[in-house]
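A.B. asks: Here it is, the structure in full.
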Amino acid sequence: MTPVVLQLLNGLSFAALLFLLSSGFTLTFGLARVVNMAHGAYYLLGGYIGLTVIGLTGSFVIGVLAGGVAIALLNAVIDRFLIRRTVGQPLMQVLLTIGLVYVIAEVALLIWGGNPIRVPTPDWARGPIELPGGIFYPRYRFLLIVLGAVVAIGLWAFYRLTPIGAVVRAGVDDREMVSAIGIDIGLLFALVFALAAFLAGASGVLGGAFLTLYPHAEWDTLILALVVVIVGGLGSLEGAMAGSLIVGLIDAFGRWLYPEAAAFLMFGPMALLLLVRPQGLFGRAH
Amino acid sequence: MPEAILIARDIRTYYGDSYVVQGVDLDLEEGQTLALLGRNGMGKTTLIRSLMNLTVPRQGEVRLRGNLISGLPSNRIARQGIGLIPQGRRIFPTLSVQENLSLPGSVLAGGRDRAKRDWTLARVYDLFPKLRERAGQMAGSLSGGEQSMLAFGRALMSNPDVLLMDEPTEGLAPVIVARIGQAIEELKRAGMTILLVEQNARFAESVADKVCIMSNGQIVFRGTPELLEADPETRQKWLGI
């Protein structure tokens with residue numbers, strides 16, 4: 001029984017990280033039709049920046065916030081001067097943002113080197129935590145599950161229950177009509193972009209504490225985010241939740257039960273799902 | 001003659017290489033309902049879209065109360081006081097009826113910019129009681145007629161001085177068309193200025209003060225509904241009725 005629970009917790013904590021990473025990614029796509037391939041590079045760079053800030057300040061929380069804020073600012077510049085120029089040209093956008101992945105990863109390699117680095121966890125998150133039933137589990141990963149759940153509920157409530165959330169949902173439905181009733185869609189995009197970039201950068205710090213930061217993580221992370229949003233449905237927050245849980249749990253149980261087929265277990269079901277439901281679980285057919 | 005509230009001069013709009021609106025002038029006087037008739041594909045919708053800069057005209061000028069609005073982003077044109085009931089209604093299907101109606105007052109819409117606050121949720125619900133019953137329902141699950149009323153109410157909630165309506169009766173049952181007609185009459189009594197694009201000439205003639213006919217991107221007839229009704233030759237030639 002205990003190993004099943006442990007794998008379940010592993011799956012949930014990975015899912016929490018995946019949700020933090022992909023919720024902004026999916027909303028950016030749903031609202032602005034921008035597929036930002038640099039999202040994984042944002043994760044990695046945010047993680048490295050957080051690492052450095054933790055080294056300077058000694059505070060894990062400040063490191064997480066700094067990683068998020070730095071990436072939100074970087075993204076504002078990239079959006080303003082580069083991504084804006086590719087509006088309505090998806091192929092250009094993909095090429096541009098893939099180019100950015102190389103640039104960002106190369107800069108990170110120059111500054112932080114090529115060896116995997118683990119972001120140090122704070123004292124209050126170290127060691128095991130005893131759960132009911134006498135199960136011991138790493139405290140940090142347990143807290144990550146809690147954080148993921150809190151952010152998921154907060155984002156969901158913001159998206160579903162607040163007036164600004166309604167504007168975002170309206171923008172996913174029909175951007176042009178949102179403009180035609182007087183709403184500054186550019187401002188709305190900027191808000192959602194900033195949120196998405198912040199979450200990507202912050203999750204780099206959070207993820208770096210147990211997955212380490214290493215060259216090529218920009219691609220591994222991008223692929224996972226893509227699988228999550230494709231399975232869940234592009235543009236859907238609920239889809240990002242479901243996709244994160246599915247990918248997180250498949251990853252944990254796949255590695256445990258069929259380690260030699262773990263990659264197939266991740267992509268096989270995705271391919272099958274796309275055959276049956278090309279728009280993903282929560283996506284809408286266009 | 002009173003100064004027109006909305007003036008469009010020499011609007012020319014292209015879709016790629018095709019020349020859709022070919023130099024149109026329009027004058028809307030305050031409180032007037034102007035119907036724009038014409039067959040399908042004659043440029044009526046493109047003209048309406050050009051007025052709000054949803055499709056960017058290559059040339060021309062639009063003024064609202066004397067202020068130049070052409071070239072502004074659509075959201076700023078809306079804030080200056082132009083409301084749109086678009087072709088196909090285009091309500092936000094995944095939002096509730098009440099959310100649809102509340103969006104134009106959102107802070108992101110500069111809800112507090114405009115001094116004019118004539119239209120409230122309660123007043124829209126009084127105009128269309130059906131919407132009050134459906135307030136919590138997803139807009140996508142409404143019937144076609146209810147969606148029309150919602151698109152109507154949503155446009156009013158931005159408190160426009162001028163309302164652009166692009167075929168509000170398209171595909172609706174006669175009883176609903178009559179209901180929309182009543183709503184237009186009520187708005188007229190309240191002093192609203194309306195530009196109505198219609199295929200349904202009889203409906204348009206019944207509510208309009210003035211009528212224009214558009215053909216191949218140009219205005220080919222201007223007059224009163226009575227004049228048009230008394231002119232079977234013009235009706236036959238440009239409207240096929």
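So you can find residues: chains in the structure tokens are A, B, ... in the order shown, residues in each start at 1, and ligands are numbered from 1 in order.
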Output the contact residues of chain B with respect to chain A at a cut-off of 9 Å, based on only C-alpha atoms, as a VMD selection string.

C.D. replies: chain B and resid 52 54 73 to 80 82 to 84 86 90 to 95 99 to 100 102 to 111 154 to 155 157 to 158

A.B. asks: Any chance you could export the current selection's C-alpha atoms as a short mmCIF file (atom, residue, chain, number, x, y, z; two decimals), in the first residue's frame?

C.D. replies:
```cif
data_model
loop_
_atom_site.label_atom_id
_atom_site.label_comp_id
_atom_site.auth_asym_id
_atom_site.auth_seq_id
_atom_site.Cartn_x
_atom_site.Cartn_y
_atom_site.Cartn_z
CA MET B 52 -15.57 50.81 -36.00
CA LEU B 54 -12.71 46.37 -37.11
CA PRO B 73 -8.51 51.29 -32.05
CA SER B 74 -11.98 49.70 -32.00
CA ASN B 75 -12.18 49.69 -28.22
CA ARG B 76 -11.65 53.46 -28.10
CA ILE B 77 -14.27 54.00 -30.78
CA ALA B 78 -16.68 51.97 -28.66
CA ARG B 79 -15.84 54.09 -25.62
CA GLN B 80 -16.50 57.27 -27.56
CA ILE B 82 -20.63 53.60 -30.65
CA GLY B 83 -22.34 50.31 -29.85
CA LEU B 84 -22.34 47.31 -32.18
CA PRO B 86 -22.65 42.38 -34.95
CA ARG B 90 -21.44 36.91 -31.46
CA ILE B 91 -22.41 36.77 -27.82
CA PHE B 92 -19.75 35.18 -25.60
CA PRO B 93 -21.06 31.59 -25.46
CA THR B 94 -19.11 30.37 -22.42
CA LEU B 95 -20.15 33.32 -20.27
CA GLU B 99 -21.57 38.21 -17.41
CA ASN B 100 -22.12 39.06 -21.08
CA SER B 102 -21.63 43.18 -17.36
CA LEU B 103 -18.51 43.18 -19.55
CA PRO B 104 -19.00 46.61 -21.14
CA GLY B 105 -18.99 48.14 -17.65
CA SER B 106 -15.77 46.37 -16.66
CA VAL B 107 -12.82 48.43 -15.46
CA LEU B 108 -10.88 47.17 -18.46
CA ALA B 109 -13.53 48.83 -20.63
CA GLY B 110 -12.82 52.11 -18.87
CA GLY B 111 -16.24 51.63 -17.32
CA ARG B 154 -24.79 43.96 -24.45
CA ALA B 155 -24.48 46.78 -26.98
CA MET B 157 -24.71 48.34 -21.73
CA SER B 158 -21.83 50.34 -23.19
#
```

A.B. asks: Apply DSSP to the backbone of this structure and, from region 95-251 of chain A, keep only the residues in strand (DSSP E); write these as a ChimeraX atom specification.

C.D. replies: /A:128-131,135-138

A.B. asks: Compile the contact shell of region 89-105 of chain A as an mmCIF file with N, CA, C and O atoms, in the first residue's frame: residues with an atom at most 10 Å away, counting only C-alpha atoms, same-chain residues fewer than 3 positions apart removed.

C.D. replies:
```
data_model
loop_
_atom_site.group_PDB
_atom_site.id
_atom_site.type_symbol
_atom_site.label_atom_id
_atom_site.label_comp_id
_atom_site.auth_asym_id
_atom_site.auth_seq_id
_atom_site.Cartn_x
_atom_site.Cartn_y
_atom_site.Cartn_z
ATOM 1 N N ARG A 33 -3.719 33.614 -28.905
ATOM 2 C CA ARG A 33 -3.296 32.700 -29.959
ATOM 3 C C ARG A 33 -1.778 32.748 -30.135
ATOM 4 O O ARG A 33 -1.280 32.623 -31.242
ATOM 5 N N VAL A 34 -1.077 33.006 -29.043
ATOM 6 C CA VAL A 34 0.381 33.003 -29.104
ATOM 7 C C VAL A 34 0.869 31.702 -28.476
ATOM 8 O O VAL A 34 0.549 31.405 -27.333
ATOM 9 N N VAL A 35 1.594 30.901 -29.265
ATOM 10 C CA VAL A 35 2.247 29.736 -28.702
ATOM 11 C C VAL A 35 3.685 30.141 -28.443
ATOM 12 O O VAL A 35 4.470 30.304 -29.371
ATOM 13 N N ASN A 36 4.003 30.354 -27.186
ATOM 14 C CA ASN A 36 5.338 30.825 -26.848
ATOM 15 C C ASN A 36 6.239 29.633 -26.527
ATOM 16 O O ASN A 36 6.237 29.118 -25.421
ATOM 17 N N MET A 37 7.002 29.220 -27.541
ATOM 18 C CA MET A 37 7.880 28.059 -27.377
ATOM 19 C C MET A 37 8.994 28.330 -26.367
ATOM 20 O O MET A 37 9.682 27.418 -25.945
ATOM 21 N N ALA A 38 9.183 29.598 -26.030
ATOM 22 C CA ALA A 38 10.235 29.942 -25.064
ATOM 23 C C ALA A 38 9.780 29.696 -23.625
ATOM 24 O O ALA A 38 10.518 29.991 -22.693
ATOM 25 N N HIS A 39 8.586 29.156 -23.451
ATOM 26 C CA HIS A 39 8.063 28.967 -22.099
ATOM 27 C C HIS A 39 8.987 28.081 -21.254
ATOM 28 O O HIS A 39 9.211 28.356 -20.078
ATOM 29 N N GLY A 40 9.529 27.031 -21.861
ATOM 30 C CA GLY A 40 10.455 26.149 -21.136
ATOM 31 C C GLY A 40 11.753 26.869 -20.800
ATOM 32 O O GLY A 40 12.339 26.667 -19.725
ATOM 33 N N ALA A 41 12.196 27.734 -21.716
ATOM 34 C CA ALA A 41 13.422 28.505 -21.459
ATOM 35 C C ALA A 41 13.170 29.516 -20.346
ATOM 36 O O ALA A 41 14.067 29.809 -19.547
ATOM 37 N N TYR A 42 11.956 30.055 -20.282
ATOM 38 C CA TYR A 42 11.585 30.956 -19.183
ATOM 39 C C TYR A 42 11.716 30.224 -17.848
ATOM 40 O O TYR A 42 12.178 30.774 -16.850
ATOM 41 N N LEU A 44 13.638 27.651 -17.151
ATOM 42 C CA LEU A 44 15.039 27.413 -16.798
ATOM 43 C C LEU A 44 15.721 28.702 -16.327
ATOM 44 O O LEU A 44 16.391 28.729 -15.289
ATOM 45 N N LEU A 45 15.518 29.774 -17.099
ATOM 46 C CA LEU A 45 16.166 31.044 -16.741
ATOM 47 C C LEU A 45 15.638 31.570 -15.401
ATOM 48 O O LEU A 45 16.408 32.037 -14.556
ATOM 49 N N ILE A 78 10.237 41.167 -24.595
ATOM 50 C CA ILE A 78 10.172 40.265 -25.754
ATOM 51 C C ILE A 78 8.837 40.425 -26.478
ATOM 52 O O ILE A 78 8.779 40.487 -27.701
ATOM 53 N N LEU A 82 9.264 41.910 -30.040
ATOM 54 C CA LEU A 82 9.402 40.782 -30.968
ATOM 55 C C LEU A 82 8.071 40.094 -31.274
ATOM 56 O O LEU A 82 7.633 40.046 -32.421
ATOM 57 N N ILE A 83 7.417 39.569 -30.229
ATOM 58 C CA ILE A 83 6.229 38.746 -30.482
ATOM 59 C C ILE A 83 5.125 39.557 -31.169
ATOM 60 O O ILE A 83 4.454 39.066 -32.072
ATOM 61 N N ARG A 84 4.948 40.828 -30.772
ATOM 62 C CA ARG A 84 3.948 41.699 -31.411
ATOM 63 C C ARG A 84 4.076 41.727 -32.936
ATOM 64 O O ARG A 84 3.099 41.892 -33.643
ATOM 65 N N ARG A 85 5.313 41.635 -33.403
ATOM 66 C CA ARG A 85 5.536 41.736 -34.845
ATOM 67 C C ARG A 85 5.067 40.502 -35.601
ATOM 68 O O ARG A 85 5.045 40.498 -36.831
ATOM 69 N N THR A 86 4.756 39.436 -34.869
ATOM 70 C CA THR A 86 4.398 38.188 -35.550
ATOM 71 C C THR A 86 2.918 37.854 -35.371
ATOM 72 O O THR A 86 2.506 36.737 -35.629
ATOM 73 N N ALA A 108 22.203 31.314 -20.500
ATOM 74 C CA ALA A 108 22.188 30.643 -19.195
ATOM 75 C C ALA A 108 23.417 29.746 -19.044
ATOM 76 O O ALA A 108 24.032 29.683 -17.972
ATOM 77 N N LEU A 109 23.778 29.082 -20.136
ATOM 78 C CA LEU A 109 24.944 28.186 -20.100
ATOM 79 C C LEU A 109 26.221 28.980 -19.793
ATOM 80 O O LEU A 109 27.068 28.550 -19.020
ATOM 81 N N LEU A 110 26.334 30.159 -20.423
ATOM 82 C CA LEU A 110 27.508 31.011 -20.193
ATOM 83 C C LEU A 110 27.606 31.443 -18.733
ATOM 84 O O LEU A 110 28.677 31.474 -18.151
ATOM 85 N N ILE A 111 26.457 31.795 -18.157
ATOM 86 C CA ILE A 111 26.482 32.347 -16.798
ATOM 87 C C ILE A 111 26.559 31.248 -15.738
ATOM 88 O O ILE A 111 27.346 31.339 -14.803
ATOM 89 N N TYR A 214 19.440 22.243 -15.405
ATOM 90 C CA TYR A 214 20.505 21.680 -16.237
ATOM 91 C C TYR A 214 20.274 22.100 -17.690
ATOM 92 O O TYR A 214 19.133 22.365 -18.096
ATOM 93 N N PRO A 215 21.336 22.178 -18.477
ATOM 94 C CA PRO A 215 21.155 22.499 -19.893
ATOM 95 C C PRO A 215 20.225 21.461 -20.509
ATOM 96 O O PRO A 215 20.306 20.279 -20.152
ATOM 97 N N HIS A 216 19.367 21.885 -21.386
ATOM 98 C CA HIS A 216 18.377 21.044 -22.053
ATOM 99 C C HIS A 216 17.060 20.975 -21.281
ATOM 100 O O HIS A 216 16.056 20.501 -21.815
ATOM 101 N N ALA A 217 17.047 21.446 -20.027
ATOM 102 C CA ALA A 217 15.782 21.462 -19.282
ATOM 103 C C ALA A 217 14.762 22.345 -20.008
ATOM 104 O O ALA A 217 13.557 22.146 -19.887
ATOM 105 N N GLU A 218 15.254 23.327 -20.800
ATOM 106 C CA GLU A 218 14.325 24.201 -21.529
ATOM 107 C C GLU A 218 13.447 23.399 -22.493
ATOM 108 O O GLU A 218 12.274 23.688 -22.661
ATOM 109 N N TRP A 219 14.031 22.354 -23.092
ATOM 110 C CA TRP A 219 13.240 21.528 -24.024
ATOM 111 C C TRP A 219 12.389 20.512 -23.278
ATOM 112 O O TRP A 219 11.217 20.323 -23.610
ATOM 113 N N LEU A 222 9.456 22.346 -21.980
ATOM 114 C CA LEU A 222 8.538 22.769 -23.039
ATOM 115 C C LEU A 222 7.668 21.601 -23.490
ATOM 116 O O LEU A 222 6.450 21.737 -23.646
#
```

A.B. asks: Compile the contact shell of Gly46 (chain A) as a ChimeraX atom specification: residues with an atom at most 12 Å away, counting only C-alpha atoms, same-chain residues fewer than 4 positions apart removed.

C.D. replies: /A:21,38-42,50-53,63-75,104-105,108,119,197-208,213,217-218

A.B. asks: Could you save those same residues with C-alpha atoms as a tab-separated table (two decimals), in the first residue's frame?

C.D. replies:
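Output file result.tsv follows:
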```
chain	number	residue	atom	x	y	z
A	21	LEU	CA	4.16	25.86	-15.48
A	38	ALA	CA	10.24	29.94	-25.06
A	39	HIS	CA	8.06	28.97	-22.10
A	40	GLY	CA	10.45	26.15	-21.14
A	41	ALA	CA	13.42	28.50	-21.46
A	42	TYR	CA	11.59	30.96	-19.18
A	50	GLY	CA	16.08	32.44	-8.39
A	51	LEU	CA	19.11	30.33	-7.54
A	52	THR	CA	21.39	33.36	-7.68
A	53	VAL	CA	18.98	35.52	-5.68
A	63	GLY	CA	14.20	33.68	-4.88
A	64	VAL	CA	10.93	32.26	-6.19
A	65	LEU	CA	9.39	35.73	-6.50
A	66	ALA	CA	12.54	37.14	-8.12
A	67	GLY	CA	12.58	34.33	-10.71
A	68	GLY	CA	8.97	35.08	-11.55
A	69	VAL	CA	9.28	38.86	-11.67
A	70	ALA	CA	12.49	38.78	-13.73
A	71	ILE	CA	10.85	36.57	-16.35
A	72	ALA	CA	7.68	38.69	-16.39
A	73	LEU	CA	9.83	41.76	-17.13
A	74	LEU	CA	11.88	39.93	-19.75
A	75	ASN	CA	8.68	38.72	-21.38
A	104	ILE	CA	18.17	32.19	-23.59
A	105	ALA	CA	19.62	28.69	-23.04
A	108	ALA	CA	22.19	30.64	-19.20
A	119	VAL	CA	18.22	24.97	-5.96
A	197	ALA	CA	5.72	34.49	-17.56
A	198	PHE	CA	5.74	35.01	-13.80
A	199	LEU	CA	4.42	31.50	-13.22
A	200	ALA	CA	6.97	30.01	-15.64
A	201	GLY	CA	9.89	31.77	-13.95
A	202	ALA	CA	8.69	30.99	-10.42
A	203	SER	CA	8.10	27.32	-11.27
A	204	GLY	CA	11.70	27.11	-12.51
A	205	VAL	CA	12.88	27.92	-8.98
A	206	LEU	CA	10.34	25.55	-7.41
A	207	GLY	CA	11.12	22.74	-9.84
A	208	GLY	CA	14.87	23.32	-9.67
A	213	LEU	CA	18.47	22.95	-13.30
A	217	ALA	CA	15.78	21.46	-19.28
A	218	GLU	CA	14.32	24.20	-21.53
```
